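**Q** Data: work.csv, CSV, C-alpha atoms.
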chain,number,residue,atom,x,y,z
P,1,SER,CA,225.7,-115.8,42.1
P,2,LEU,CA,225.6,-117.1,38.6
P,3,GLY,CA,222.1,-118.5,39.3
P,4,MET,CA,220.8,-115.2,40.4
P,5,ALA,CA,222.4,-113.4,37.4
P,6,SER,CA,220.7,-116.0,35.1
P,7,TRP,CA,217.4,-115.4,36.8
P,8,GLN,CA,217.6,-111.6,36.5
P,9,ALA,CA,218.7,-111.8,32.9
P,10,GLY,CA,215.8,-114.1,32.1
P,11,VAL,CA,213.3,-111.8,33.7
P,12,CYS,CA,214.7,-109.0,31.5
P,13,LEU,CA,214.3,-111.0,28.3
P,14,GLY,CA,210.6,-111.5,28.7
P,15,GLY,CA,207.8,-113.5,30.3
P,16,ARG,CA,208.2,-116.6,28.2
P,17,LEU,CA,211.6,-117.2,29.6
P,18,VAL,CA,210.6,-117.1,33.2
P,19,ALA,CA,210.0,-120.8,33.5
P,20,GLN,CA,213.5,-121.7,32.3
P,21,ILE,CA,214.8,-119.4,35.1
P,22,LEU,CA,212.5,-120.9,37.6
P,23,ALA,CA,213.6,-124.4,36.7
P,24,SER,CA,217.3,-123.5,37.3
P,25,ARG,CA,216.4,-121.7,40.5
P,26,ALA,CA,214.6,-124.8,41.7
P,27,ARG,CA,217.8,-126.8,41.1
P,28,ARG,CA,216.4,-129.1,38.5
P,29,PRO,CA,219.5,-129.8,36.3
P,30,GLY,CA,218.9,-131.0,32.8
P,31,ASP,CA,215.5,-129.3,32.6
P,32,THR,CA,215.8,-127.5,29.3
P,33,LEU,CA,212.9,-125.5,27.9
P,34,THR,CA,212.4,-124.0,24.5
P,35,GLN,CA,211.1,-120.5,24.2
P,36,GLN,CA,207.9,-121.9,22.7
P,37,SER,CA,207.2,-124.3,25.6
P,38,ALA,CA,208.6,-122.2,28.5
P,39,PHE,CA,205.5,-120.1,29.2
P,40,SER,CA,203.2,-123.1,29.5
P,41,SER,CA,205.8,-125.1,31.4
P,42,SER,CA,206.1,-122.2,33.8
P,43,GLN,CA,202.6,-123.0,34.9
P,44,ALA,CA,203.7,-126.5,35.9
P,45,VAL,CA,206.6,-125.0,37.9
P,46,LEU,CA,204.1,-122.6,39.5
P,47,ASN,CA,201.8,-125.5,40.4
P,48,SER,CA,204.4,-127.9,41.5
P,49,GLY,CA,205.1,-126.5,44.9
P,50,VAL,CA,208.8,-126.1,44.2
P,51,GLN,CA,210.2,-123.4,46.5
P,52,VAL,CA,211.7,-120.5,44.6
P,53,ASP,CA,213.3,-117.5,46.5
P,54,LEU,CA,211.5,-114.5,44.9
P,55,GLU,CA,213.2,-112.2,47.4
P,56,ALA,CA,216.7,-113.0,46.4
P,57,ARG,CA,218.7,-109.9,45.6
P,58,ASP,CA,221.2,-109.3,42.8
P,59,PHE,CA,224.4,-107.2,43.3
P,60,GLU,CA,222.4,-104.0,42.9
P,61,GLY,CA,220.0,-105.0,45.6
P,62,LEU,CA,217.1,-105.7,43.2
P,63,THR,CA,214.6,-108.5,43.5
P,64,PRO,CA,213.3,-110.3,40.4
P,65,LEU,CA,210.1,-108.2,40.5
P,66,HIS,CA,212.1,-105.0,40.6
P,67,THR,CA,214.1,-106.2,37.6
P,68,ALA,CA,210.9,-107.2,35.7
P,69,ILE,CA,209.3,-103.8,36.4
P,70,LEU,CA,212.4,-102.0,35.1
P,71,ALA,CA,212.4,-104.1,32.0
P,72,LEU,CA,208.7,-103.4,31.5
P,73,ASN,CA,209.2,-99.7,31.9
P,74,VAL,CA,211.8,-99.7,29.1
P,75,ALA,CA,209.5,-101.7,26.8
P,76,MET,CA,206.5,-99.4,27.4
P,77,ARG,CA,208.2,-96.1,26.5
P,78,PRO,CA,206.8,-93.8,25.5
P,79,SER,CA,204.2,-94.5,28.2
P,80,ASP,CA,200.8,-95.5,26.8
P,81,LEU,CA,197.6,-95.0,28.7
P,82,CYS,CA,195.9,-97.9,26.8
P,83,PRO,CA,197.3,-101.4,27.4
P,84,ARG,CA,195.5,-102.8,24.4
P,85,VAL,CA,198.2,-101.3,22.1
P,86,LEU,CA,201.2,-102.7,24.0
P,87,SER,CA,204.0,-104.1,21.8
P,88,THR,CA,204.7,-107.8,21.8
P,89,GLN,CA,207.8,-107.2,23.9
P,90,ALA,CA,205.9,-105.2,26.5
P,91,ARG,CA,203.1,-107.8,26.7
P,92,ASP,CA,205.7,-110.5,27.3
P,93,ARG,CA,207.3,-108.5,30.1
P,94,LEU,CA,203.9,-107.7,31.6
P,95,ASP,CA,203.1,-111.4,31.6
P,96,CYS,CA,206.4,-111.9,33.5
P,97,VAL,CA,205.3,-109.3,36.1
P,98,HIS,CA,201.9,-111.0,36.5
P,99,MET,CA,203.6,-114.4,36.9
P,100,LEU,CA,206.0,-113.2,39.6
P,101,LEU,CA,203.1,-111.6,41.5
P,102,GLN,CA,201.0,-114.8,41.1
P,103,MET,CA,203.9,-116.8,42.5
P,104,GLY,CA,203.9,-114.5,45.6
P,105,ALA,CA,206.6,-111.9,44.8
P,106,ASN,CA,206.3,-109.2,47.5
P,107,HIS,CA,205.3,-105.9,45.8
P,108,THR,CA,206.2,-104.0,49.0
P,109,SER,CA,209.9,-105.0,48.9
P,110,GLN,CA,212.3,-102.1,48.7
P,111,GLU,CA,215.5,-102.1,46.7
P,112,ILE,CA,218.5,-101.7,48.9
P,113,LYS,CA,220.2,-98.7,47.4
P,114,SER,CA,217.3,-96.2,47.4
P,115,ASN,CA,214.5,-98.0,49.2
P,116,LYS,CA,212.2,-97.8,46.2
P,117,THR,CA,209.3,-100.1,45.8
P,118,VAL,CA,208.0,-101.3,42.4
P,119,LEU,CA,205.4,-98.5,42.7
P,120,HIS,CA,208.2,-95.9,43.0
P,121,LEU,CA,209.8,-97.3,39.9
P,122,ALA,CA,206.6,-97.3,37.9
P,123,VAL,CA,205.9,-93.6,38.9
P,124,GLN,CA,209.5,-92.6,38.2
P,125,ALA,CA,209.1,-94.0,34.6
P,126,ALA,CA,205.8,-92.0,34.2
P,127,ASN,CA,204.0,-95.3,33.5
P,128,PRO,CA,200.3,-94.9,34.5
P,129,THR,CA,199.3,-98.3,33.2
P,130,LEU,CA,201.7,-100.0,35.5
P,131,VAL,CA,200.9,-97.7,38.4
P,132,GLN,CA,197.2,-98.7,38.1
P,133,LEU,CA,198.1,-102.4,37.9
P,134,LEU,CA,200.1,-102.2,41.1
P,135,LEU,CA,197.4,-100.3,42.9
P,136,GLU,CA,194.8,-102.9,42.0
P,137,LEU,CA,196.7,-105.8,43.6
P,138,PRO,CA,194.3,-107.6,45.9
P,139,ARG,CA,196.6,-108.4,48.8
P,140,GLY,CA,198.0,-106.2,51.6
P,141,ASP,CA,197.3,-102.8,53.0
P,142,LEU,CA,196.9,-100.5,50.0
P,143,ARG,CA,197.2,-97.2,52.0
P,144,THR,CA,200.4,-98.3,53.7
P,145,PHE,CA,201.8,-99.5,50.3
P,146,VAL,CA,201.0,-96.3,48.5
P,147,ASN,CA,202.6,-94.1,51.2
P,148,MET,CA,205.8,-96.0,51.6
P,149,LYS,CA,208.9,-93.7,51.4
P,150,ALA,CA,212.1,-94.0,49.3
P,151,HIS,CA,214.7,-91.8,50.9
P,152,GLY,CA,211.9,-89.7,52.3
P,153,ASN,CA,209.8,-89.4,49.1
P,154,THR,CA,206.4,-91.1,48.7
P,155,ALA,CA,205.2,-92.2,45.2
P,156,LEU,CA,203.1,-89.0,45.2
P,157,HIS,CA,206.1,-86.9,45.8
P,158,MET,CA,207.7,-88.5,42.7
P,159,ALA,CA,204.6,-88.1,40.7
P,160,ALA,CA,204.4,-84.4,41.5
P,161,ALA,CA,207.9,-84.0,40.3
P,162,LEU,CA,207.2,-85.5,36.9
P,163,PRO,CA,207.0,-83.4,33.7
P,164,PRO,CA,203.5,-82.0,33.3
P,165,GLY,CA,201.2,-83.9,31.0
P,166,PRO,CA,198.5,-86.6,30.8
P,167,ALA,CA,200.7,-89.3,32.3
P,168,GLN,CA,201.5,-87.2,35.4
P,169,GLU,CA,197.9,-86.3,35.9
P,170,ALA,CA,196.7,-89.9,35.5
P,171,ILE,CA,199.3,-91.1,38.0
P,172,VAL,CA,198.5,-88.4,40.6
P,173,ARG,CA,194.8,-89.2,40.4
P,174,HIS,CA,195.5,-93.0,40.7
P,175,LEU,CA,197.6,-92.5,43.7
P,176,LEU,CA,195.2,-90.1,45.5
P,177,ALA,CA,192.3,-92.6,44.8
P,178,ALA,CA,194.4,-95.3,46.4
P,179,GLY,CA,194.9,-93.3,49.6
P,180,ALA,CA,198.1,-91.4,48.9
P,181,ASP,CA,198.5,-88.8,51.6
P,182,PRO,CA,199.3,-85.3,50.2
P,183,THR,CA,200.2,-84.0,53.6
P,184,LEU,CA,203.3,-86.2,54.1
P,185,ARG,CA,206.6,-84.4,53.9
P,186,ASN,CA,210.0,-85.6,52.6
P,187,LEU,CA,213.4,-85.1,54.1
P,188,GLU,CA,213.4,-81.5,52.8
P,189,ASN,CA,210.1,-80.9,54.6
P,190,GLU,CA,208.3,-80.7,51.2
P,191,GLN,CA,204.8,-81.9,50.5
P,192,PRO,CA,204.0,-83.2,47.0
P,193,VAL,CA,202.3,-80.0,46.0
P,194,HIS,CA,205.6,-78.2,46.5
P,195,LEU,CA,207.3,-80.4,43.9
P,196,LEU,CA,205.0,-79.5,41.0
P,197,ARG,CA,206.9,-77.6,38.3
P,198,PRO,CA,206.1,-73.9,37.9
P,199,GLY,CA,203.9,-72.7,35.2
P,200,PRO,CA,200.2,-73.1,34.1
P,201,GLY,CA,200.6,-76.8,33.1
P,202,PRO,CA,200.1,-78.4,36.5
P,203,GLU,CA,197.7,-75.8,37.9
P,204,GLY,CA,194.9,-78.3,37.9
P,205,LEU,CA,197.0,-80.8,39.9
P,206,ARG,CA,198.1,-78.0,42.2
P,207,GLN,CA,194.5,-77.3,43.1
P,208,LEU,CA,193.7,-81.0,43.4
P,209,LEU,CA,196.6,-81.6,45.8
P,210,LYS,CA,195.7,-78.6,47.9
P,211,ARG,CA,192.0,-79.7,48.2
P,212,SER,CA,193.1,-83.2,49.1
P,213,ARG,CA,195.2,-81.9,52.0
P,214,VAL,CA,192.2,-80.6,53.8
Transcribe the structure of this file into C-alpha coordinates.
**A**
Amino acid sequence: SLGMASWQAGVCLGGRLVAQILASRARRPGDTLTQQSAFSSSQAVLNSGVQVDLEARDFEGLTPLHTAILALNVAMRPSDLCPRVLSTQARDRLDCVHMLLQMGANHTSQEIKSNKTVLHLAVQAANPTLVQLLLELPRGDLRTFVNMKAHGNTALHMAAALPPGPAQEAIVRHLLAAGADPTLRNLENEQPVHLLRPGPGPEGLRQLLKRSRV
(Lines of atoms letter the chains of each structure in order from A and count residues from 1; the text may use other names and numbers.)
(Lines give C-alpha, C1' and ligand atoms only; values in the text may rest on other atoms or scores of the structure.)
Protein backbone atom coordinates (compact mmCIF):
# COMPACT_ATOMS: atom_id res chain seq x y z
CA SER A 1 0.00 0.00 0.00
CA LEU A 2 0.99 3.64 -0.36
CA GLY A 3 1.13 4.01 3.40
CA MET A 4 3.49 1.06 3.71
CA ALA A 5 5.69 2.38 0.92
CA SER A 6 5.88 5.74 2.69
CA TRP A 7 6.78 4.02 5.93
CA GLN A 8 9.57 2.00 4.34
CA ALA A 9 10.91 5.01 2.45
CA GLY A 10 10.95 7.05 5.63
CA VAL A 11 12.86 4.37 7.50
CA CYS A 12 15.47 4.38 4.74
CA LEU A 13 15.88 8.15 4.96
CA GLY A 14 16.94 8.14 8.58
CA GLY A 15 15.91 8.11 12.19
CA ARG A 16 14.66 11.70 12.33
CA LEU A 17 11.93 10.94 9.81
CA VAL A 18 10.48 7.99 11.65
CA ALA A 19 7.95 10.07 13.59
CA GLN A 20 6.42 11.46 10.41
CA ILE A 21 5.96 7.92 9.16
CA LEU A 22 4.54 6.82 12.48
CA ALA A 23 2.03 9.63 12.37
CA SER A 24 0.79 8.58 8.95
CA ARG A 25 0.69 4.92 9.98
CA ALA A 26 -1.39 5.94 12.98
CA ARG A 27 -3.91 7.57 10.62
CA ARG A 28 -3.51 11.08 11.94
CA PRO A 29 -4.16 13.18 8.82
CA GLY A 30 -2.88 16.71 8.87
CA ASP A 31 -0.07 15.84 11.27
CA THR A 32 2.91 17.34 9.47
CA LEU A 33 6.35 17.29 11.03
CA THR A 34 9.49 19.14 10.05
CA GLN A 35 12.72 17.19 9.97
CA GLN A 36 13.98 19.22 12.94
CA SER A 37 10.97 18.42 15.12
CA ALA A 38 10.30 14.87 13.92
CA PHE A 39 12.71 13.06 16.18
CA SER A 40 11.44 14.66 19.40
CA SER A 41 7.85 14.31 18.23
CA SER A 42 8.44 10.62 17.66
CA GLN A 43 8.80 10.25 21.41
CA ALA A 44 5.28 11.65 21.79
CA VAL A 45 4.01 9.11 19.26
CA LEU A 46 5.90 6.40 21.08
CA ASN A 47 4.39 7.39 24.44
CA SER A 48 0.88 8.07 23.14
CA GLY A 49 -0.23 4.46 23.02
CA VAL A 50 -1.15 4.73 19.34
CA GLN A 51 -1.10 1.27 17.79
CA VAL A 52 1.36 0.97 14.91
CA ASP A 53 1.78 -2.28 12.97
CA LEU A 54 5.52 -2.88 13.14
CA GLU A 55 5.17 -6.29 11.49
CA ALA A 56 3.55 -4.99 8.30
CA ARG A 57 5.36 -6.24 5.20
CA ASP A 58 6.27 -4.43 2.01
CA PHE A 59 6.06 -6.08 -1.42
CA GLU A 60 9.46 -7.71 -0.82
CA GLY A 61 8.31 -9.27 2.45
CA LEU A 62 10.37 -6.96 4.66
CA THR A 63 9.27 -5.45 7.95
CA PRO A 64 10.24 -1.86 8.84
CA LEU A 65 13.04 -3.23 11.04
CA HIS A 66 14.46 -5.27 8.14
CA THR A 67 14.42 -2.13 6.00
CA ALA A 68 16.07 -0.04 8.71
CA ILE A 69 18.84 -2.64 9.16
CA LEU A 70 19.50 -2.77 5.42
CA ALA A 71 19.71 1.04 5.29
CA LEU A 72 22.07 1.08 8.28
CA ASN A 73 24.30 -1.55 6.66
CA VAL A 74 24.67 0.67 3.59
CA ALA A 75 25.50 3.72 5.72
CA MET A 76 28.13 1.84 7.75
CA ARG A 77 30.20 0.58 4.84
CA PRO A 78 33.04 -0.01 5.07
CA SER A 79 32.18 -1.70 8.36
CA ASP A 80 33.72 -0.08 11.40
CA LEU A 81 34.38 -1.82 14.69
CA CYS A 82 34.16 1.48 16.59
CA PRO A 83 30.69 3.07 16.75
CA ARG A 84 32.14 6.37 18.02
CA VAL A 85 33.23 7.23 14.49
CA LEU A 86 29.93 6.58 12.72
CA SER A 87 28.89 9.11 10.12
CA THR A 88 25.92 11.39 10.78
CA GLN A 89 23.84 9.35 8.34
CA ALA A 90 24.77 6.10 10.06
CA ARG A 91 23.97 7.55 13.49
CA ASP A 92 20.56 8.67 12.24
CA ARG A 93 19.81 5.21 10.89
CA LEU A 94 21.06 3.58 14.06
CA ASP A 95 18.69 5.86 16.00
CA CYS A 96 15.91 4.60 13.75
CA VAL A 97 16.78 0.97 14.53
CA HIS A 98 16.86 1.74 18.27
CA MET A 99 13.50 3.47 18.07
CA LEU A 100 11.82 0.60 16.21
CA LEU A 101 13.17 -1.85 18.78
CA GLN A 102 12.01 0.40 21.62
CA MET A 103 8.54 0.45 20.06
CA GLY A 104 8.47 -3.33 20.13
CA ALA A 105 9.59 -4.36 16.64
CA ASN A 106 10.20 -8.11 16.63
CA HIS A 107 13.90 -8.76 15.97
CA THR A 108 13.17 -12.46 15.35
CA SER A 109 10.87 -11.78 12.37
CA GLN A 110 12.05 -13.46 9.19
CA GLU A 111 11.78 -11.89 5.76
CA ILE A 112 9.47 -13.83 3.49
CA LYS A 113 11.76 -14.54 0.52
CA SER A 114 14.79 -15.99 2.30
CA ASN A 115 13.72 -16.35 5.95
CA LYS A 116 16.55 -14.05 7.08
CA THR A 117 16.31 -12.29 10.41
CA VAL A 118 17.93 -8.91 11.03
CA LEU A 119 20.87 -10.83 12.53
CA HIS A 120 21.40 -12.67 9.24
CA LEU A 121 21.32 -9.32 7.40
CA ALA A 122 23.87 -7.79 9.77
CA VAL A 123 26.20 -10.78 9.42
CA GLN A 124 25.81 -10.85 5.65
CA ALA A 125 26.94 -7.21 5.54
CA ALA A 126 29.98 -8.04 7.71
CA ASN A 127 28.80 -5.50 10.29
CA PRO A 128 30.19 -6.52 13.70
CA THR A 129 28.92 -3.38 15.43
CA LEU A 130 25.33 -4.15 14.45
CA VAL A 131 25.72 -7.86 15.21
CA GLN A 132 26.84 -7.00 18.75
CA LEU A 133 23.91 -4.58 19.19
CA LEU A 134 21.39 -7.22 18.14
CA LEU A 135 22.92 -9.84 20.41
CA GLU A 136 22.69 -7.50 23.40
CA LEU A 137 18.93 -7.01 23.12
CA PRO A 138 17.46 -7.81 26.53
CA ARG A 139 14.31 -9.67 25.54
CA GLY A 140 13.74 -13.16 24.23
CA ASP A 141 15.69 -16.39 24.09
CA LEU A 142 19.14 -15.40 22.81
CA ARG A 143 20.30 -18.94 22.04
CA THR A 144 17.21 -19.63 19.93
CA PHE A 145 17.55 -16.27 18.14
CA VAL A 146 21.22 -16.72 17.29
CA ASN A 147 20.60 -20.22 15.89
CA MET A 148 17.61 -19.39 13.69
CA LYS A 149 18.04 -20.61 10.12
CA ALA A 150 17.55 -18.85 6.80
CA HIS A 151 17.14 -21.49 4.10
CA GLY A 152 19.14 -23.83 6.29
CA ASN A 153 21.96 -21.45 7.23
CA THR A 154 22.45 -20.04 10.71
CA ALA A 155 24.11 -16.67 11.23
CA LEU A 156 27.28 -18.60 12.11
CA HIS A 157 27.21 -20.36 8.73
CA MET A 158 26.98 -16.96 7.04
CA ALA A 159 29.77 -15.54 9.20
CA ALA A 160 32.07 -18.44 8.34
CA ALA A 161 31.51 -17.76 4.64
CA LEU A 162 32.58 -14.10 4.90
CA PRO A 163 35.94 -12.92 3.51
CA PRO A 164 38.70 -13.44 6.11
CA GLY A 165 39.55 -10.40 8.20
CA PRO A 166 38.92 -8.57 11.49
CA ALA A 167 35.19 -8.14 10.81
CA GLN A 168 34.69 -11.86 10.23
CA GLU A 169 36.63 -12.81 13.33
CA ALA A 170 34.74 -10.33 15.52
CA ILE A 171 31.37 -11.57 14.24
CA VAL A 172 32.20 -15.25 14.73
CA ARG A 173 33.38 -14.57 18.27
CA HIS A 174 30.25 -12.50 19.07
CA LEU A 175 28.01 -15.30 17.77
CA LEU A 176 29.80 -18.06 19.67
CA ALA A 177 29.69 -16.01 22.88
CA ALA A 178 25.92 -15.63 22.40
CA GLY A 179 25.40 -19.38 22.11
CA ALA A 180 25.71 -20.05 18.38
CA ASP A 181 25.94 -23.80 17.83
CA PRO A 182 28.85 -24.75 15.51
CA THR A 183 27.54 -28.32 15.20
CA LEU A 184 24.37 -27.34 13.31
CA ARG A 185 24.30 -28.31 9.63
CA ASN A 186 22.74 -26.52 6.67
CA LEU A 187 20.77 -28.05 3.81
CA GLU A 188 24.04 -29.19 2.21
CA ASN A 189 24.96 -30.98 5.46
CA GLU A 190 27.74 -28.46 6.13
CA GLN A 191 28.77 -27.15 9.51
CA PRO A 192 30.05 -23.54 9.74
CA VAL A 193 33.69 -24.67 9.85
CA HIS A 194 33.25 -26.24 6.41
CA LEU A 195 32.37 -22.82 4.93
CA LEU A 196 35.59 -21.07 5.93
CA ARG A 197 37.63 -20.07 2.90
CA PRO A 198 40.81 -22.03 2.21
CA GLY A 199 44.17 -20.56 3.09
CA PRO A 200 46.02 -19.45 6.22
CA GLY A 201 43.80 -16.39 6.89
CA PRO A 202 40.95 -18.06 8.76
CA GLU A 203 43.06 -20.78 10.41
CA GLY A 204 42.51 -19.29 13.87
CA LEU A 205 38.76 -19.38 13.36
CA ARG A 206 38.99 -22.90 12.01
CA GLN A 207 40.59 -24.05 15.24
CA LEU A 208 38.12 -22.02 17.32
CA LEU A 209 35.10 -23.56 15.57
CA LYS A 210 36.54 -27.06 15.90
CA ARG A 211 37.16 -26.58 19.62
CA SER A 212 33.67 -25.17 20.09
CA ARG A 213 32.12 -28.28 18.53
CA VAL A 214 33.43 -30.47 21.32
**Q** Please determine, counting all atoms listed in the file, which residue among P:Ala150, P:Val123, P:Leu130, P:His194 has the shortest atom-to-atom distance to Val172 (chain P).
**A**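 Closest to Val172 (chain P), using all atoms listed in the file: P:Val123.
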**Q** Can you work out which one of P:Leu62, P:Ala167, P:Ala56, P:Ala71 has the shortest atom-to-atom distance to Gln110 (chain P), counting only C-alpha atoms?
**A**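 Among P:Leu62, P:Ala167, P:Ala56, P:Ala71, it is P:Leu62 that comes nearest to Gln110 (chain P).
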**Q** Please, what distance in Å, to one decimal, runs between CA of Asn106 (chain P) and CA of Leu119 (chain P)?
**A**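 Straight-line distance from CA of Asn106 (chain P) to CA of Leu119 (chain P) works out to 11.8 Å.
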**Q** Quick one: of P:Arg93, P:Arg206, P:Arg143, P:His66, who's nearest to Asp181 (chain P), counting all atoms listed in the file?
**A**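 The shortest atom-to-atom distance to Asp181 (chain P) comes from P:Arg143.
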**Q** Just want the 10 Å neighbourhood of Ser109 (chain P), counted on all atoms listed in the file, with same-chain residues fewer than 6 positions away dropped. Output as a list in words.
**A** Glu55, Leu62, Thr63, Leu65, His66, Asn115, Lys116, Thr117, Val118 and Phe145 of chain P
**Q** For the selection you just gave me, I'd like the residues written to a file as a PDB file, in the coordinates of the input, keeping C-alpha atoms.
**A**
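And here's part-v7.pdb as it stands now:
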ATOM      1  CA  GLU P  55     213.200-112.200  47.400  1.00  0.00           C
ATOM      2  CA  LEU P  62     217.100-105.700  43.200  1.00  0.00           C
ATOM      3  CA  THR P  63     214.600-108.500  43.500  1.00  0.00           C
ATOM      4  CA  LEU P  65     210.100-108.200  40.500  1.00  0.00           C
ATOM      5  CA  HIS P  66     212.100-105.000  40.600  1.00  0.00           C
ATOM      6  CA  ASN P 115     214.500 -98.000  49.200  1.00  0.00           C
ATOM      7  CA  LYS P 116     212.200 -97.800  46.200  1.00  0.00           C
ATOM      8  CA  THR P 117     209.300-100.100  45.800  1.00  0.00           C
ATOM      9  CA  VAL P 118     208.000-101.300  42.400  1.00  0.00           C
ATOM     10  CA  PHE P 145     201.800 -99.500  50.300  1.00  0.00           C
TER      11      PHE P 145
END
**Q** Using all atoms listed in the file, list the residues that have an atom at most 12 Å from (196.3, -82.8, 47.4), coordinates as in the file, as a ChimeraX atom specification.
**A** /P:156-157,159-160,172-173,175-177,179-184,191-196,203-214
**Q** Ranking P:Lys113, P:Thr108, P:Pro166, P:Arg57 by minimum distance to Gly140 (chain P) and counting only C-alpha atoms, which one comes first?
**A**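 Closest to Gly140 (chain P), using only C-alpha atoms: P:Thr108.
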**Q** With distances taken over only C-alpha atoms, which of P:Ile112, P:Arg197, P:Leu94, P:Gly104 is nearest to Phe59 (chain P)?
**A**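 Result for the nearest residue to Phe59 (chain P): P:Ile112.
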**Q** Please determine, counting only C-alpha atoms, which residue among P:Ile171, P:Leu72, P:Leu101, P:Leu54 has the shortest atom-to-atom distance to Ser87 (chain P).
**A** P:Leu72
**Q** To one decimal place, how far is CA of Val74 (chain P) from CA of His120 (chain P) in Å?
**A**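 Distance between the two atoms: 14.9 Å.
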**Q** In Å, rounded to a single decimal, give me how far CA of Val146 (chain P) is from CA of Cys96 (chain P).
**A** 22.3 Å
**Q** May I have the residues within 8 Å of Gln132 (chain P) as JSON, numbers by chain, using only C-alpha atoms and disregarding those fewer than 4 positions away in the same chain?
**A** {"P": [128, 136, 171, 174]}
